[in-house]
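Trainee: Quick one: this structure, given as structure tokens, is what I'll be asking you about.
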Amino acid sequence: MPDLALKLVNITKKFPGVLALDRVCFELLPGEVHVLFGQNGAGKSTLTKIIAGSYQPDEGEIFIHGEQAIFESPHDARIAGISAVYQEFSLVPQLTVLENLFLGREIVKGGLLDKESMQGKAEESLKRLEFDLDLTARVADLTRAERQMVEIAKAFQEKMSVLILDEPTASLTDKEVKKLFEIIRKLKSERVGVVYISHRMDELRKIGDRITVFRDGKYVDTLEMADADEKKLISLMTGTEYTEVFPTLTHTPGKPVLTVQGLTTASGLRDVTFTVREGEIFGIAGLVGAGKSRVGRAIFGLERITAGSSLLFDRPLEKMNPSKAIKNGILYFPADRHKEGLVLCRSVRENQTLAAVPLFEKGPFIDIGREKSTVRSLIDRLKIRPPHIDQTVNDLSGGNQQKVMLARGLTRDIKVFIFDEASCGIDVGAKRDVYWLLKDYAEKGMAVIFISSELPEILNLCHTVMVMHAGSPCSTMPGSEATEERILAGCFGYDFVNSAQLEIRDDLSGRTVAANAPSQYH
Amino acid sequence: MQSVKRIFITVGVLPFLLVALIILFSLAESRFMTLSNMMTVSRQATYLVMVTCGQMITILCAGFDLSVGSSVALTSIVTAHTIVSLPHPAGGITAGVLVGVATGTALGAVNGLTISLFRVSPFVVTLGMMSVAHGMALLVSGGVPIFNLPDQFNEYLAIGKLCGIPVPLFVASFVVIGIYIMLTRTRVGRYFYAIGGNEEAARLSGIHVKKYNCLAYILCGALAGLTGVMLTARVASGEPNLGAALPLESIAAAVIGGVSLRGGEGSVIGAIFGAILIVLIRNGMDLMNVSSYLQMVVMGCLLVFAVVMDQFRLSLKGR
């Protein structure tokens, strides 16, 4: 029997009303990158949390290098050489990078913190990781990508035999991802076993050795990465035959609905002009920080507008705020569903009708019966699981939460939808449902503004694509003429039509633009 | 064991406490489980129930109101002052009641406007208001109670019965039913829950967050004002130190009743039972001759215990 870095036998974990893991077995070899794959809610995160000691299994056994281990806490797991980098950050925003790196394992000399040696150690590990971080900066002041780097650096402070990475590249640029992969390869050569969770196929292909698929808390299959093609994985993951992820748009847009003219905001948008038509899916692409979200937020009244105008049909929209925007038939779905989208502690029903409560009123009271039947039909239509209208949203998986939020638009008369990263952090199955919903909205004649960092979505789903660069639209093209090269060039501020002309060099790294595209576009 | 856990996760620690205390007091004191004592308890409970209804609304919106006690005191003084300075008893009482409720409402409005317009934390604003309102009550009254209220005041609003039901109980039932309907069946209630659960999500859903947040404090103030008037009738004098225990007791009642201090969760029914529990504990301790000083210690512990149990419930839920 080979020496296993980690072996899980028949792990079962129950939450009230849910069987999160059902007799799951898992083996991790030293020096391999083992990918966990499955829909949101399939049990991947629960499994990693059990490995890392955050949860205790109800049944089953854990073996580390052949020896049985019982972890009462993340601390126990860390001592056994298991480090984890989670999707949600475990950093204290008020503390500095250095303080966070050593949180819970401070180096002490004579009862006082030994700042110098901590600083030395931190600098050393950052250098090894080639992360460019200011140790004295407060975490609150860092960008998302930088926080992710701190999170990773924190895990690397310890000697380890197992590393868990849960969507580690979610907000890293391509350069940073490359560095991360180099480090992972180095760790592999040091015989560290890596458990890797990601939904990004290209990435898995690059770094993964084996892949294990989960569905509904059960183990489905383990494949060699080389044998795993996308169609096969998706059908294993969903348990159904593979169907097309992106719907085909068959209809043509009608007359203009929203016209934005020279929009400029205090937050850095400059002179944004575009028109969205009836039934059109209007994609907005761009790098993080290019201002693509801000366009949506500005139209919805969340940004301070300093110049420019927007017209809905022929009516000017002035001094907007969310409540006015919704009254005018404009609805914005934020990128961060937890922070801005959902009231997690309330039910599916209340969340779905939140923007339309007055429409369900009969006299001064809410007509609960009518509300319930509306929500029930939405749940059926969007395949929200489990299909309980009075379940708290918190208990749903990410994909289902997203559907609950996006269904909000179906409860009232909306003319313009603004989707901001509508498929962020949800599995392929849920993504497919979201895309079909979008098509549905568009076919009904609504104008859809689709802001996205995922290039495939932009390429496959839009009638028109606008690429943002540094706060302004750089290029706008019909969806049929959009190519990967052209959009990426637009992201870096170049507009060209013929992809043969691609000879543009990125001023920062000297590599070609396409080669140095940010990871979010892979 | 599983079903006990499920009850605990869904409704919290309250049912267990209630059963345990009723058994304990019934065994320790024979007068506890008598009809006349239960009547006393329900009479006493009405006042705390009303304040708790207001308090829970602010807690639903992820805030709280520390000034409810001082509002009751100031209302009491203003009401008594109005009544004694008007010559005609009936007219004076009517005016006193209206002015009293208006006083509470006005204090709530100041709280609400300061919190929502200037984005100051409810803790600071209502803590300040607690001192301001109590200070004003002492200033107006000179620190001494206002006596010589007409007998009708006490007879109508404290002892009297309406359709066979004691007036305070009648008023409290009215308040409870009203708040219950508001929270479960109207837009206002729905928005309170949404704002407390996630203010940003509520705002992006087109809800006028500031307006409704402010309204929560106004309602809380109005209910404190109403309670102040009713309590003044009960003690038959304007008392500048009335209601000193109410902030703690009302917050404790709401939290024990399952209203989450994080906002967005809780029901009126729970909060009322929380209030009844607290009154039962006070009543039981009174019967057992526990000193009022020790009672204060118990109440403080109870509040902290309730929050600890709420936290524990949350961790069980998350697992």
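The chains in the structure tokens are called A, B, ... from first to last as shown; in each chain the residues are counted from 1, and the ligands are counted from 1 in the order shown.
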Using only C-alpha atoms, what does the table of chain B residues within 7 Å of chain A look like, with each row giving the shortest atom pair and its distance in Å to one decimal, sorted by chain and ascending number, as a Markdown table?
Mentor:
| residue | atom | partner | partner_atom | distance |
| --- | --- | --- | --- | --- |
| B:Arg185 | CA | A:Ile366 | CA | 5.2 |
| B:Thr186 | CA | A:Phe365 | CA | 4.8 |
| B:Arg187 | CA | A:Val357 | CA | 6.2 |
| B:Ala194 | CA | A:Val343 | CA | 6.1 |
| B:Gly197 | CA | A:Val343 | CA | 5.1 |
| B:Asn198 | CA | A:Val343 | CA | 5.0 |
| B:Glu200 | CA | A:Glu340 | CA | 4.8 |
| B:Ala201 | CA | A:Glu340 | CA | 4.4 |
| B:Arg203 | CA | A:Pro322 | CA | 6.7 |
| B:Leu204 | CA | A:Pro322 | CA | 5.6 |
| B:Ser205 | CA | A:Ala355 | CA | 4.5 |
| B:Gly206 | CA | A:Ser323 | CA | 3.5 |
| B:Ile207 | CA | A:Ser323 | CA | 6.0 |
| B:His208 | CA | A:Ser323 | CA | 6.8 |
| B:Gly264 | CA | A:Cys345 | CA | 6.7 |
| B:Glu265 | CA | A:Cys345 | CA | 6.9 |
| B:Arg319 | CA | A:Phe15 | CA | 5.7 |
Trainee: Could you dump the residues just selected with N, CA and C atoms as a short mmCIF file (atom, residue, chain, number, x, y, z; two decimals), in the first residue's frame?
Mentor:
data_model
loop_
_atom_site.label_atom_id
_atom_site.label_comp_id
_atom_site.auth_asym_id
_atom_site.auth_seq_id
_atom_site.Cartn_x
_atom_site.Cartn_y
_atom_site.Cartn_z
N ARG B 185 -47.94 41.05 8.22
CA ARG B 185 -48.81 41.19 7.06
C ARG B 185 -48.66 42.50 6.30
N THR B 186 -47.76 43.38 6.73
CA THR B 186 -47.66 44.63 5.99
C THR B 186 -46.24 44.87 5.48
N ARG B 187 -46.19 45.78 4.55
CA ARG B 187 -44.94 46.20 3.93
C ARG B 187 -43.94 46.68 4.99
N ALA B 194 -36.14 43.02 6.65
CA ALA B 194 -35.13 43.07 5.58
C ALA B 194 -33.99 44.01 5.95
N GLY B 197 -31.87 42.42 8.54
CA GLY B 197 -31.16 41.25 8.03
C GLY B 197 -30.01 41.63 7.13
N ASN B 198 -30.21 42.60 6.27
CA ASN B 198 -29.15 43.07 5.38
C ASN B 198 -29.53 44.42 4.81
N GLU B 200 -27.87 46.64 3.10
CA GLU B 200 -27.50 46.91 1.70
C GLU B 200 -28.47 46.24 0.73
N ALA B 201 -28.80 45.00 1.03
CA ALA B 201 -29.73 44.28 0.15
C ALA B 201 -31.08 44.99 0.12
N ARG B 203 -31.59 48.18 0.60
CA ARG B 203 -31.45 49.42 -0.15
C ARG B 203 -31.47 49.15 -1.65
N LEU B 204 -30.72 48.12 -2.06
CA LEU B 204 -30.67 47.80 -3.49
C LEU B 204 -31.99 47.23 -4.00
N SER B 205 -32.87 46.85 -3.08
CA SER B 205 -34.18 46.39 -3.50
C SER B 205 -35.17 47.55 -3.56
N GLY B 206 -34.63 48.74 -3.42
CA GLY B 206 -35.48 49.92 -3.57
C GLY B 206 -36.19 50.34 -2.29
N ILE B 207 -35.78 49.79 -1.16
CA ILE B 207 -36.42 50.16 0.10
C ILE B 207 -35.78 51.43 0.65
N HIS B 208 -36.62 52.35 1.11
CA HIS B 208 -36.12 53.58 1.68
C HIS B 208 -35.66 53.29 3.11
N GLY B 264 -33.16 41.27 12.12
CA GLY B 264 -33.79 40.49 11.07
C GLY B 264 -34.50 39.22 11.48
N GLU B 265 -34.41 38.84 12.75
CA GLU B 265 -35.03 37.59 13.18
C GLU B 265 -35.79 37.79 14.47
N ARG B 319 -24.00 24.31 12.33
CA ARG B 319 -23.28 23.03 12.16
C ARG B 319 -23.99 22.05 11.24
#
Trainee: Taking the chain letters and numbering used in this document, name the residues of stretch 69-201 of chain B that DSSP puts in helix (DSSP H, G or I), as a PyMOL selection string.
Mentor: chain B and resi 69-85+89-118+122-141+151-159+167-185+187-197+199-201
Trainee: Can I get the selected residues back with C-alpha atoms, as a compact mmCIF listing (two decimals), in the first residue's frame?
Mentor:
# COMPACT_ATOMS: atom_id res chain seq x y z
CA GLY B 69 -36.99 53.84 30.55
CA SER B 70 -36.22 57.55 30.52
CA SER B 71 -38.96 58.12 27.96
CA VAL B 72 -41.40 56.51 30.37
CA ALA B 73 -40.15 58.79 33.16
CA LEU B 74 -40.39 61.97 31.10
CA THR B 75 -43.79 60.94 29.76
CA SER B 76 -44.97 60.34 33.28
CA ILE B 77 -43.92 63.81 34.43
CA VAL B 78 -45.29 65.56 31.34
CA THR B 79 -48.61 63.72 31.57
CA ALA B 80 -49.03 64.40 35.29
CA HIS B 81 -48.02 68.01 34.86
CA THR B 82 -50.56 68.50 32.07
CA ILE B 83 -53.36 66.88 34.01
CA VAL B 84 -52.84 68.85 37.21
CA SER B 85 -52.46 72.16 35.42
CA PRO B 89 -60.40 66.46 35.17
CA ALA B 90 -61.79 64.67 32.11
CA GLY B 91 -60.36 67.22 29.68
CA GLY B 92 -57.10 67.21 31.61
CA ILE B 93 -56.81 63.44 31.44
CA THR B 94 -57.50 63.35 27.70
CA ALA B 95 -54.95 66.09 27.12
CA GLY B 96 -52.47 64.38 29.44
CA VAL B 97 -52.74 61.06 27.62
CA LEU B 98 -52.29 62.68 24.22
CA VAL B 99 -49.40 64.88 25.35
CA GLY B 100 -47.79 61.87 27.03
CA VAL B 101 -47.90 59.66 23.95
CA ALA B 102 -46.72 62.60 21.84
CA THR B 103 -43.74 63.11 24.16
CA GLY B 104 -42.63 59.48 23.76
CA THR B 105 -43.15 59.69 20.02
CA ALA B 106 -41.10 62.87 19.80
CA LEU B 107 -38.22 61.34 21.73
CA GLY B 108 -38.37 58.32 19.40
CA ALA B 109 -38.34 60.63 16.40
CA VAL B 110 -35.21 62.39 17.65
CA ASN B 111 -33.54 59.01 18.18
CA GLY B 112 -34.60 57.75 14.77
CA LEU B 113 -33.61 60.87 12.86
CA THR B 114 -30.21 61.09 14.51
CA ILE B 115 -29.51 57.41 13.89
CA SER B 116 -30.61 57.29 10.28
CA LEU B 117 -29.61 60.74 9.05
CA PHE B 118 -26.24 61.06 10.76
CA PRO B 122 -28.06 53.36 18.11
CA PHE B 123 -25.99 52.62 21.19
CA VAL B 124 -24.60 56.14 21.41
CA VAL B 125 -27.77 57.96 20.39
CA THR B 126 -30.11 56.15 22.75
CA LEU B 127 -27.58 56.16 25.57
CA GLY B 128 -27.42 59.93 25.19
CA MET B 129 -31.18 60.17 24.99
CA MET B 130 -31.45 58.07 28.14
CA SER B 131 -29.59 60.77 30.05
CA VAL B 132 -31.31 63.68 28.29
CA ALA B 133 -34.86 62.43 28.89
CA HIS B 134 -34.23 61.46 32.49
CA GLY B 135 -32.56 64.80 33.12
CA MET B 136 -35.52 66.62 31.65
CA ALA B 137 -37.93 64.61 33.80
CA LEU B 138 -35.95 65.61 36.89
CA LEU B 139 -35.73 69.23 35.76
CA VAL B 140 -39.46 69.62 35.12
CA SER B 141 -40.47 67.89 38.32
CA ASP B 151 -58.94 59.79 40.95
CA GLN B 152 -60.63 59.13 37.60
CA PHE B 153 -57.20 58.88 35.95
CA ASN B 154 -56.26 55.89 38.06
CA GLU B 155 -59.79 54.44 37.87
CA TYR B 156 -60.10 54.64 34.10
CA LEU B 157 -56.66 53.57 32.99
CA ALA B 158 -55.38 51.25 35.70
CA ILE B 159 -58.20 49.66 37.68
CA VAL B 167 -58.02 48.34 30.77
CA PRO B 168 -54.21 47.86 30.83
CA LEU B 169 -54.63 44.30 29.54
CA PHE B 170 -57.04 45.59 26.92
CA VAL B 171 -54.61 48.25 25.74
CA ALA B 172 -51.68 45.83 25.70
CA SER B 173 -53.64 43.24 23.71
CA PHE B 174 -54.54 45.93 21.23
CA VAL B 175 -50.88 46.90 20.89
CA VAL B 176 -49.73 43.30 20.54
CA ILE B 177 -52.28 42.44 17.86
CA GLY B 178 -51.48 45.64 15.99
CA ILE B 179 -47.74 45.03 16.02
CA TYR B 180 -48.25 41.38 15.11
CA ILE B 181 -50.29 42.29 12.05
CA MET B 182 -47.85 45.02 11.11
CA LEU B 183 -44.84 42.71 11.28
CA THR B 184 -46.37 39.72 9.52
CA ARG B 185 -48.81 41.19 7.06
CA ARG B 187 -44.94 46.20 3.93
CA VAL B 188 -43.58 48.05 6.96
CA GLY B 189 -42.97 44.84 8.90
CA ARG B 190 -41.42 43.10 5.93
CA TYR B 191 -39.05 46.01 5.46
CA PHE B 192 -38.04 46.05 9.14
CA TYR B 193 -36.94 42.43 8.85
CA ALA B 194 -35.13 43.07 5.58
CA ILE B 195 -33.30 46.14 6.86
CA GLY B 196 -32.18 44.33 9.99
CA GLY B 197 -31.16 41.25 8.03
CA GLU B 199 -29.34 46.82 5.04
CA GLU B 200 -27.50 46.91 1.70
CA ALA B 201 -29.73 44.28 0.15
Trainee: Please list as a PyMOL selection string every residue within 12 Å of A:Leu382, counting only C-alpha atoms and excluding residues in the same chain fewer than 6 positions away.
Mentor: chain A and resi 352+375-376+399-408+410+429-438+440
Trainee: Please, could you write that set of residues out with N, CA and C atoms as a PDB file, in the first residue's frame?
Mentor:
ATOM      1  N   GLN A 352     -37.346  36.809  -2.500  1.00  0.00           N
ATOM      2  CA  GLN A 352     -37.737  36.924  -3.900  1.00  0.00           C
ATOM      3  C   GLN A 352     -38.660  38.095  -4.161  1.00  0.00           C
ATOM      4  N   VAL A 375     -44.205  32.880  -5.675  1.00  0.00           N
ATOM      5  CA  VAL A 375     -42.864  32.384  -5.352  1.00  0.00           C
ATOM      6  C   VAL A 375     -42.746  30.904  -5.702  1.00  0.00           C
ATOM      7  N   ARG A 376     -43.808  30.147  -5.442  1.00  0.00           N
ATOM      8  CA  ARG A 376     -43.783  28.729  -5.763  1.00  0.00           C
ATOM      9  C   ARG A 376     -43.544  28.508  -7.258  1.00  0.00           C
ATOM     10  N   GLY A 399     -25.325  28.425  -5.616  1.00  0.00           N
ATOM     11  CA  GLY A 399     -26.036  28.529  -6.887  1.00  0.00           C
ATOM     12  C   GLY A 399     -27.516  28.816  -6.688  1.00  0.00           C
ATOM     13  N   ASN A 400     -28.101  28.147  -5.715  1.00  0.00           N
ATOM     14  CA  ASN A 400     -29.520  28.371  -5.449  1.00  0.00           C
ATOM     15  C   ASN A 400     -29.773  29.752  -4.858  1.00  0.00           C
ATOM     16  N   GLN A 401     -28.837  30.217  -4.024  1.00  0.00           N
ATOM     17  CA  GLN A 401     -28.968  31.574  -3.493  1.00  0.00           C
ATOM     18  C   GLN A 401     -28.977  32.585  -4.632  1.00  0.00           C
ATOM     19  N   GLN A 402     -28.058  32.368  -5.588  1.00  0.00           N
ATOM     20  CA  GLN A 402     -27.975  33.282  -6.712  1.00  0.00           C
ATOM     21  C   GLN A 402     -29.300  33.297  -7.486  1.00  0.00           C
ATOM     22  N   LYS A 403     -29.873  32.120  -7.667  1.00  0.00           N
ATOM     23  CA  LYS A 403     -31.138  32.050  -8.402  1.00  0.00           C
ATOM     24  C   LYS A 403     -32.241  32.794  -7.646  1.00  0.00           C
ATOM     25  N   VAL A 404     -32.233  32.667  -6.322  1.00  0.00           N
ATOM     26  CA  VAL A 404     -33.243  33.370  -5.531  1.00  0.00           C
ATOM     27  C   VAL A 404     -33.128  34.866  -5.781  1.00  0.00           C
ATOM     28  N   MET A 405     -31.888  35.365  -5.779  1.00  0.00           N
ATOM     29  CA  MET A 405     -31.701  36.802  -5.978  1.00  0.00           C
ATOM     30  C   MET A 405     -32.136  37.213  -7.382  1.00  0.00           C
ATOM     31  N   LEU A 406     -31.712  36.434  -8.384  1.00  0.00           N
ATOM     32  CA  LEU A 406     -32.003  36.825  -9.760  1.00  0.00           C
ATOM     33  C   LEU A 406     -33.494  36.723 -10.090  1.00  0.00           C
ATOM     34  N   ALA A 407     -34.190  35.896  -9.340  1.00  0.00           N
ATOM     35  CA  ALA A 407     -35.622  35.747  -9.603  1.00  0.00           C
ATOM     36  C   ALA A 407     -36.398  36.974  -9.147  1.00  0.00           C
ATOM     37  N   ARG A 408     -35.732  37.822  -8.377  1.00  0.00           N
ATOM     38  CA  ARG A 408     -36.380  39.025  -7.871  1.00  0.00           C
ATOM     39  C   ARG A 408     -36.978  39.851  -9.012  1.00  0.00           C
ATOM     40  N   LEU A 410     -38.397  38.833 -11.567  1.00  0.00           N
ATOM     41  CA  LEU A 410     -39.597  38.264 -12.165  1.00  0.00           C
ATOM     42  C   LEU A 410     -40.855  38.648 -11.415  1.00  0.00           C
ATOM     43  N   GLY A 429     -23.824  23.753 -13.344  1.00  0.00           N
ATOM     44  CA  GLY A 429     -25.255  23.485 -13.470  1.00  0.00           C
ATOM     45  C   GLY A 429     -26.080  24.737 -13.210  1.00  0.00           C
ATOM     46  N   ALA A 430     -25.742  25.433 -12.108  1.00  0.00           N
ATOM     47  CA  ALA A 430     -26.469  26.644 -11.763  1.00  0.00           C
ATOM     48  C   ALA A 430     -26.202  27.749 -12.783  1.00  0.00           C
ATOM     49  N   LYS A 431     -24.963  27.782 -13.288  1.00  0.00           N
ATOM     50  CA  LYS A 431     -24.632  28.780 -14.303  1.00  0.00           C
ATOM     51  C   LYS A 431     -25.546  28.628 -15.505  1.00  0.00           C
ATOM     52  N   ARG A 432     -25.699  27.359 -15.910  1.00  0.00           N
ATOM     53  CA  ARG A 432     -26.531  27.109 -17.074  1.00  0.00           C
ATOM     54  C   ARG A 432     -27.944  27.648 -16.837  1.00  0.00           C
ATOM     55  N   ASP A 433     -28.481  27.389 -15.631  1.00  0.00           N
ATOM     56  CA  ASP A 433     -29.819  27.890 -15.338  1.00  0.00           C
ATOM     57  C   ASP A 433     -29.869  29.407 -15.403  1.00  0.00           C
ATOM     58  N   VAL A 434     -28.793  30.039 -14.904  1.00  0.00           N
ATOM     59  CA  VAL A 434     -28.759  31.505 -14.910  1.00  0.00           C
ATOM     60  C   VAL A 434     -28.728  32.034 -16.346  1.00  0.00           C
ATOM     61  N   TYR A 435     -27.912  31.396 -17.202  1.00  0.00           N
ATOM     62  CA  TYR A 435     -27.835  31.865 -18.590  1.00  0.00           C
ATOM     63  C   TYR A 435     -29.178  31.743 -19.304  1.00  0.00           C
ATOM     64  N   TRP A 436     -29.851  30.630 -19.020  1.00  0.00           N
ATOM     65  CA  TRP A 436     -31.148  30.454 -19.675  1.00  0.00           C
ATOM     66  C   TRP A 436     -32.154  31.465 -19.157  1.00  0.00           C
ATOM     67  N   LEU A 437     -32.024  31.820 -17.898  1.00  0.00           N
ATOM     68  CA  LEU A 437     -32.904  32.846 -17.348  1.00  0.00           C
ATOM     69  C   LEU A 437     -32.679  34.176 -18.065  1.00  0.00           C
ATOM     70  N   LEU A 438     -31.409  34.483 -18.305  1.00  0.00           N
ATOM     71  CA  LEU A 438     -31.054  35.713 -19.003  1.00  0.00           C
ATOM     72  C   LEU A 438     -31.684  35.760 -20.387  1.00  0.00           C
ATOM     73  N   ASP A 440     -34.209  34.157 -21.308  1.00  0.00           N
ATOM     74  CA  ASP A 440     -35.630  34.283 -21.094  1.00  0.00           C
ATOM     75  C   ASP A 440     -36.048  35.743 -20.949  1.00  0.00           C
TER      76      ASP A 440
END
Trainee: Can you tell me how far atom CA of B:Cys220 sits from atom CA of B:Met56, in Å to one decimal?
Mentor: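 According to the coordinates, atom CA of B:Cys220 and atom CA of B:Met56 are separated by 8.3 Å.
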Trainee: Stretch 52-288 of chain B: which residues are strand (DSSP E or B) by DSSP, as a list in words?
Mentor: Ile146, Lys161, Leu162, Ile165, Pro166 and Gly238 of chain B
Trainee: Go ahead and compute the interatomic distance for atom CA of A:Arg128 and atom CA of A:Leu187, in Å to one decimal.
Mentor: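 It comes out at 11.6 Å.
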Trainee: Might you pull out every residue within 9 Å of A:Thr483, with only C-alpha atoms counted and same-chain residues fewer than 4 positions away left off, and present them as an MDAnalysis selection string?
Mentor: chainID A and resid 459 479 487:488 499
Trainee: Okay, now the selection with N, CA and C atoms, as a short mmCIF file (atom, residue, chain, number, x, y, z; two decimals), in the first residue's frame?
Mentor:
data_model
loop_
_atom_site.label_atom_id
_atom_site.label_comp_id
_atom_site.auth_asym_id
_atom_site.auth_seq_id
_atom_site.Cartn_x
_atom_site.Cartn_y
_atom_site.Cartn_z
N LEU A 459 -18.43 36.03 -24.66
CA LEU A 459 -18.35 35.60 -26.06
C LEU A 459 -19.60 34.86 -26.51
N GLY A 479 -21.79 40.93 -30.91
CA GLY A 479 -21.38 39.66 -30.34
C GLY A 479 -20.77 38.72 -31.38
N ILE A 487 -11.34 41.24 -27.38
CA ILE A 487 -11.81 41.69 -26.06
C ILE A 487 -10.62 41.91 -25.13
N LEU A 488 -9.66 40.99 -25.16
CA LEU A 488 -8.50 41.14 -24.28
C LEU A 488 -7.72 42.40 -24.65
N SER A 499 -7.67 40.11 -35.90
CA SER A 499 -6.84 39.48 -34.86
C SER A 499 -5.43 39.20 -35.34
#
Trainee: Using only C-alpha atoms, which residue out of A:Arg205, A:Arg210, A:Arg185, A:Arg147 lies closest to A:Leu28?
Mentor: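 Counting only C-alpha atoms, the residue closest to A:Leu28 is A:Arg210.
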Trainee: What's around B:Tyr47 at 10 Å? Count only C-alpha atoms, leave out sequence neighbours fewer than 5 positions away in its own chain, and write the answer as a list in words.
Mentor: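 So, after excluding close chain neighbours, the residues are Ser42, Thr52, Pro168, Leu169, Val171, Ala172, Leu223, Ala224, Leu226, Thr227, Gly228, Met230, Leu231, Gly243, Leu246, Ala275 and Val279 of chain B.
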Trainee: Do you know which residues are at most 12 Å from A:Cys462 counting only C-alpha atoms, after dropping those on the same chain fewer than 5 positions away, and could you put them as JSON, numbers by chain?
Mentor: {"A": [246, 247, 248, 249, 250, 251, 252, 253, 276, 279, 280, 281, 282, 283, 284, 285, 435, 438, 439, 442, 447, 448, 449, 450, 451, 452, 455, 456, 457, 476, 477, 478, 479, 480, 481, 482, 483]}
Trainee: Now that the selection is made, can you save its residues with C-alpha atoms as a PDB file, in the first residue's frame?
Mentor:
ATOM      1  CA  PHE A 246     -24.867  28.500 -23.263  1.00  0.00           C
ATOM      2  CA  PRO A 247     -28.224  29.013 -24.903  1.00  0.00           C
ATOM      3  CA  THR A 248     -28.287  30.153 -28.517  1.00  0.00           C
ATOM      4  CA  LEU A 249     -29.735  33.595 -29.016  1.00  0.00           C
ATOM      5  CA  THR A 250     -32.215  33.403 -31.851  1.00  0.00           C
ATOM      6  CA  HIS A 251     -34.039  36.715 -31.592  1.00  0.00           C
ATOM      7  CA  THR A 252     -32.889  40.131 -32.692  1.00  0.00           C
ATOM      8  CA  PRO A 253     -33.031  43.196 -30.462  1.00  0.00           C
ATOM      9  CA  VAL A 276     -29.192  49.057 -24.976  1.00  0.00           C
ATOM     10  CA  GLY A 279     -34.389  42.127 -25.987  1.00  0.00           C
ATOM     11  CA  GLU A 280     -30.700  42.795 -26.209  1.00  0.00           C
ATOM     12  CA  ILE A 281     -28.079  41.185 -23.989  1.00  0.00           C
ATOM     13  CA  PHE A 282     -25.466  43.887 -23.743  1.00  0.00           C
ATOM     14  CA  GLY A 283     -22.199  42.553 -22.354  1.00  0.00           C
ATOM     15  CA  ILE A 284     -19.729  44.752 -20.513  1.00  0.00           C
ATOM     16  CA  ALA A 285     -16.250  43.283 -20.234  1.00  0.00           C
ATOM     17  CA  TYR A 435     -27.835  31.865 -18.590  1.00  0.00           C
ATOM     18  CA  LEU A 438     -31.054  35.713 -19.003  1.00  0.00           C
ATOM     19  CA  LYS A 439     -32.121  34.543 -22.419  1.00  0.00           C
ATOM     20  CA  ALA A 442     -34.184  39.062 -23.208  1.00  0.00           C
ATOM     21  CA  ALA A 447     -32.969  44.987 -22.038  1.00  0.00           C
ATOM     22  CA  VAL A 448     -30.234  43.069 -20.254  1.00  0.00           C
ATOM     23  CA  ILE A 449     -26.906  44.613 -19.277  1.00  0.00           C
ATOM     24  CA  PHE A 450     -24.551  41.774 -18.525  1.00  0.00           C
ATOM     25  CA  ILE A 451     -21.399  42.761 -16.664  1.00  0.00           C
ATOM     26  CA  SER A 452     -18.951  39.890 -16.506  1.00  0.00           C
ATOM     27  CA  LEU A 455     -14.742  35.681 -21.121  1.00  0.00           C
ATOM     28  CA  PRO A 456     -16.730  32.620 -22.299  1.00  0.00           C
ATOM     29  CA  GLU A 457     -19.926  34.227 -21.043  1.00  0.00           C
ATOM     30  CA  THR A 476     -17.821  48.097 -28.711  1.00  0.00           C
ATOM     31  CA  MET A 477     -18.617  45.286 -31.103  1.00  0.00           C
ATOM     32  CA  PRO A 478     -21.474  43.010 -32.106  1.00  0.00           C
ATOM     33  CA  GLY A 479     -21.375  39.661 -30.344  1.00  0.00           C
ATOM     34  CA  SER A 480     -20.795  37.894 -33.640  1.00  0.00           C
ATOM     35  CA  GLU A 481     -17.588  39.817 -34.178  1.00  0.00           C
ATOM     36  CA  ALA A 482     -16.288  39.467 -30.647  1.00  0.00           C
ATOM     37  CA  THR A 483     -13.175  37.337 -30.336  1.00  0.00           C
TER      38      THR A 483
END
Trainee: For A:Met446, work out the shell of residues within 8 Å, counting only C-alpha atoms and skipping chain neighbours fewer than 3 positions away, then give it as a list in words.
Mentor: Glu278, Gly279, Glu280, Ile414, Lys415, Val416, Phe417, Tyr441, Ala442 and Glu443 of chain A
Trainee: Hey, can you check how far atom CA of B:Ser36 sits from atom CA of B:Pro247?
Mentor: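 These two atoms are separated by 28.0 Å.
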Trainee: Considering only C-alpha atoms, can you say which of A:Val92, A:Ala122, A:Ile234, A:Leu263 comes closest to A:Glu106?
Mentor: A:Ala122
